[in-house]
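Undergrad: Dropping in structure_24.json, with JSON, C-alpha atoms.
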```
[["chain", "number", "residue", "atom", "x", "y", "z"],
["P", 6, "MET", "CA", 175.06, 208.85, 368.99],
["P", 7, "VAL", "CA", 176.72, 210.26, 365.86],
["P", 8, "GLU", "CA", 176.83, 213.73, 367.42],
["P", 9, "GLU", "CA", 178.71, 212.36, 370.44],
["P", 10, "GLN", "CA", 181.32, 210.79, 368.15],
["P", 11, "ASP", "CA", 181.69, 214.07, 366.24],
["P", 12, "LYS", "CA", 182.22, 215.94, 369.52],
["P", 13, "LYS", "CA", 184.86, 213.41, 370.61],
["P", 14, "VAL", "CA", 186.69, 213.77, 367.29],
["P", 15, "ALA", "CA", 186.56, 217.57, 367.51],
["P", 16, "SER", "CA", 187.65, 217.44, 371.14],
["P", 17, "SER", "CA", 190.63, 215.22, 370.40],
["P", 18, "LYS", "CA", 191.56, 217.45, 367.46],
["P", 19, "ASP", "CA", 191.46, 220.52, 369.73],
["P", 20, "ALA", "CA", 193.55, 218.72, 372.33],
["P", 21, "GLU", "CA", 196.13, 217.83, 369.69],
["P", 22, "ASN", "CA", 196.20, 221.42, 368.40],
["P", 23, "ASN", "CA", 196.62, 222.72, 371.95],
["P", 24, "LEU", "CA", 199.43, 220.25, 372.64],
["P", 25, "TYR", "CA", 201.40, 221.26, 369.56],
["P", 26, "SER", "CA", 200.71, 224.95, 370.19],
["P", 27, "ALA", "CA", 201.84, 224.71, 373.83],
["P", 28, "LEU", "CA", 204.96, 222.85, 372.70],
["P", 29, "SER", "CA", 205.81, 225.94, 370.65],
["P", 30, "TYR", "CA", 206.68, 227.84, 373.81],
["P", 31, "LEU", "CA", 209.05, 225.27, 375.29],
["P", 32, "SER", "CA", 212.47, 226.41, 374.06],
["P", 33, "VAL", "CA", 213.91, 224.31, 371.21],
["P", 34, "PHE", "CA", 210.71, 222.24, 371.05],
["P", 35, "CYS", "CA", 209.22, 225.13, 369.03],
["P", 36, "LEU", "CA", 210.69, 223.37, 365.99],
["P", 37, "VAL", "CA", 208.39, 220.33, 366.40],
["P", 38, "PRO", "CA", 205.14, 222.13, 365.45],
["P", 39, "ILE", "CA", 206.94, 224.07, 362.72],
["P", 40, "LEU", "CA", 208.12, 220.87, 361.07],
["P", 41, "MET", "CA", 205.07, 218.67, 361.72],
["P", 42, "LYS", "CA", 201.96, 220.87, 361.60],
["P", 43, "LYS", "CA", 202.46, 223.50, 358.90],
["P", 44, "GLU", "CA", 198.87, 223.39, 357.65],
["P", 45, "ASN", "CA", 197.11, 224.42, 360.87],
["P", 46, "GLU", "CA", 196.87, 228.22, 361.23],
["P", 47, "PHE", "CA", 196.38, 228.15, 365.03],
["P", 48, "ILE", "CA", 199.50, 226.04, 365.52],
["P", 49, "LYS", "CA", 201.47, 228.06, 362.98],
["P", 50, "PHE", "CA", 200.60, 231.32, 364.81],
["P", 51, "HIS", "CA", 201.94, 229.98, 368.09],
["P", 52, "ALA", "CA", 204.93, 228.25, 366.46],
["P", 53, "ARG", "CA", 206.07, 231.56, 364.95],
["P", 54, "GLN", "CA", 205.87, 233.31, 368.31],
["P", 55, "GLY", "CA", 207.60, 230.39, 370.02],
["P", 56, "LEU", "CA", 210.43, 230.48, 367.49],
["P", 57, "MET", "CA", 210.94, 234.21, 368.00],
["P", 58, "LEU", "CA", 210.92, 233.68, 371.77],
["P", 59, "PHE", "CA", 213.52, 230.92, 371.39],
["P", 60, "ILE", "CA", 215.73, 233.19, 369.24],
["P", 61, "LEU", "CA", 215.43, 235.87, 371.93],
["P", 62, "GLU", "CA", 216.40, 233.32, 374.60],
["P", 63, "VAL", "CA", 219.50, 232.33, 372.61],
["P", 64, "GLY", "CA", 220.44, 236.01, 372.27],
["P", 65, "ILE", "CA", 220.01, 236.53, 376.00],
["P", 66, "TRP", "CA", 222.10, 233.44, 376.68],
["P", 67, "ILE", "CA", 224.91, 234.80, 374.47],
["P", 68, "VAL", "CA", 224.80, 238.20, 376.24],
["P", 69, "GLY", "CA", 224.90, 236.33, 379.57],
["P", 70, "VAL", "CA", 228.60, 235.55, 379.13],
["P", 71, "LEU", "CA", 229.50, 239.22, 379.57],
["P", 72, "PRO", "CA", 230.85, 240.04, 383.01],
["P", 73, "ILE", "CA", 228.58, 241.80, 385.55],
["P", 74, "PHE", "CA", 225.93, 243.30, 383.25],
["P", 75, "GLY", "CA", 225.62, 240.06, 381.30],
["P", 76, "THR", "CA", 224.55, 238.22, 384.42],
["P", 77, "ILE", "CA", 221.92, 240.84, 385.23],
["P", 78, "ILE", "CA", 220.60, 240.91, 381.66],
["P", 79, "TYR", "CA", 220.58, 237.10, 381.55],
["P", 80, "THR", "CA", 218.65, 236.77, 384.80],
["P", 81, "LEU", "CA", 216.05, 239.41, 383.95],
["P", 82, "GLY", "CA", 215.73, 238.32, 380.33],
["P", 83, "MET", "CA", 215.20, 234.67, 381.14],
["P", 84, "LEU", "CA", 212.70, 235.58, 383.84],
["P", 85, "ILE", "CA", 210.72, 237.67, 381.35],
["P", 86, "CYS", "CA", 210.91, 234.92, 378.71],
["P", 87, "GLY", "CA", 209.74, 232.35, 381.25],
["P", 88, "ILE", "CA", 206.78, 234.51, 382.26],
["P", 89, "LEU", "CA", 205.87, 235.09, 378.59],
["P", 90, "SER", "CA", 206.10, 231.35, 377.87],
["P", 91, "LEU", "CA", 203.90, 230.50, 380.82],
["P", 92, "ALA", "CA", 201.33, 233.16, 379.88],
["P", 93, "ALA", "CA", 201.30, 231.95, 376.27],
["P", 94, "ILE", "CA", 200.80, 228.31, 377.30],
["P", 95, "VAL", "CA", 197.84, 229.33, 379.47],
["P", 96, "GLN", "CA", 196.34, 231.22, 376.53],
["P", 97, "VAL", "CA", 196.85, 228.21, 374.26],
["P", 98, "LEU", "CA", 195.11, 225.91, 376.71],
["P", 99, "MET", "CA", 192.20, 228.36, 376.74],
["P", 100, "GLY", "CA", 192.11, 228.15, 372.91],
["P", 101, "ARG", "CA", 193.09, 231.77, 372.29],
["P", 102, "LYS", "CA", 195.49, 233.43, 369.88],
["P", 103, "TRP", "CA", 197.39, 235.76, 372.20],
["P", 104, "LYS", "CA", 199.82, 238.11, 370.50],
["P", 105, "MET", "CA", 202.85, 238.68, 372.71],
["P", 106, "PRO", "CA", 204.06, 242.25, 373.16],
["P", 107, "ILE", "CA", 206.89, 243.07, 370.70],
["P", 108, "ILE", "CA", 207.62, 239.39, 369.94],
["P", 109, "GLY", "CA", 204.20, 239.03, 368.31],
["P", 110, "ASP", "CA", 205.05, 241.81, 365.85],
["P", 111, "TRP", "CA", 208.35, 240.14, 364.96],
["P", 112, "ALA", "CA", 206.59, 236.80, 364.53],
["P", 113, "GLU", "CA", 204.04, 238.24, 362.08],
["P", 114, "ASN", "CA", 206.89, 239.14, 359.72],
["P", 115, "LEU", "CA", 208.29, 235.61, 359.91],
["P", 116, "LYS", "CA", 207.40, 233.46, 356.89],
["P", 117, "ILE", "CA", 207.18, 229.76, 357.67]]
```
Give the structure from the file, written as structure tokens.
TA:
Amino acid sequence: MVEEQDKKVASSKDAENNLYSALSYLSVFCLVPILMKKENEFIKFHARQGLMLFILEVGIWIVGVLPIFGTIIYTLGMLICGILSLAAIVQVLMGRKWKMPIIGDWAENLKI
């Protein structure tokens, strides 16, 4: 009986961690885990990557105002960011720490 309650508590804790970690990859919502869950290393790992991805998205959005090439860069960049976000959310839901190519290296240098 006690073991079942412990499993439920652990399960709900994992679900909460996964929710906050997945939220990290949804654009400006990356700030929610950064501000609310600083003590959890799993969430902090994903929040850093999500913040770097958001900064990249803002940079792509700014470049998107350029004529001709800006539109191409914007379209390709946002497509890549969307795919990375989706892949990262899947990894979070599987309970894994997945380091994104390039962005993961930038995120490791980020101190939060």
Undergrad: Between P:Glu62, P:Leu56, P:Lys102, P:Ile39, which one has atoms that come closest to Leu84 in chain P, using all atoms listed in the file?
TA: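 When distances to Leu84 in chain P are compared using all atoms listed in the file, the smallest one comes from P:Glu62.
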Undergrad: Take CA of Phe59 in chain P and CA of Leu36 in chain P and report the distance between them in Å, one decimal.
TA: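 Answer for the CA of Phe59 in chain P to CA of Leu36 in chain P separation: 9.7 Å.
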Undergrad: Find the spatial neighbours of Lys116 in chain P, counting all atoms listed in the file, within a cut-off of 12 Å - ignore same-chain residues fewer than 5 positions away - and output them as an MDAnalysis selection string.
TA: chainID P and resid 39 43 49:50 52:54 56:57 111
Undergrad: Kindly give the distance, in Å, that separates CA of Asp110 in chain P and CA of Leu28 in chain P, rounded to a single decimal.
TA: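 Computing the Euclidean distance for CA of Asp110 in chain P and CA of Leu28 in chain P yields 20.2 Å.
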Undergrad: Name the closest residue to Trp103 in chain P among the candidates P:Thr80, P:Ser32, P:Ser26, P:Asn45; distances are taken between atoms, counting all atoms listed in the file.
TA: P:Ser26
Undergrad: Could you tell me how far CA of Tyr25 in chain P lies from CA of Val37 in chain P, in Å and to one decimal?
TA: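 So the answer is 7.7 Å.
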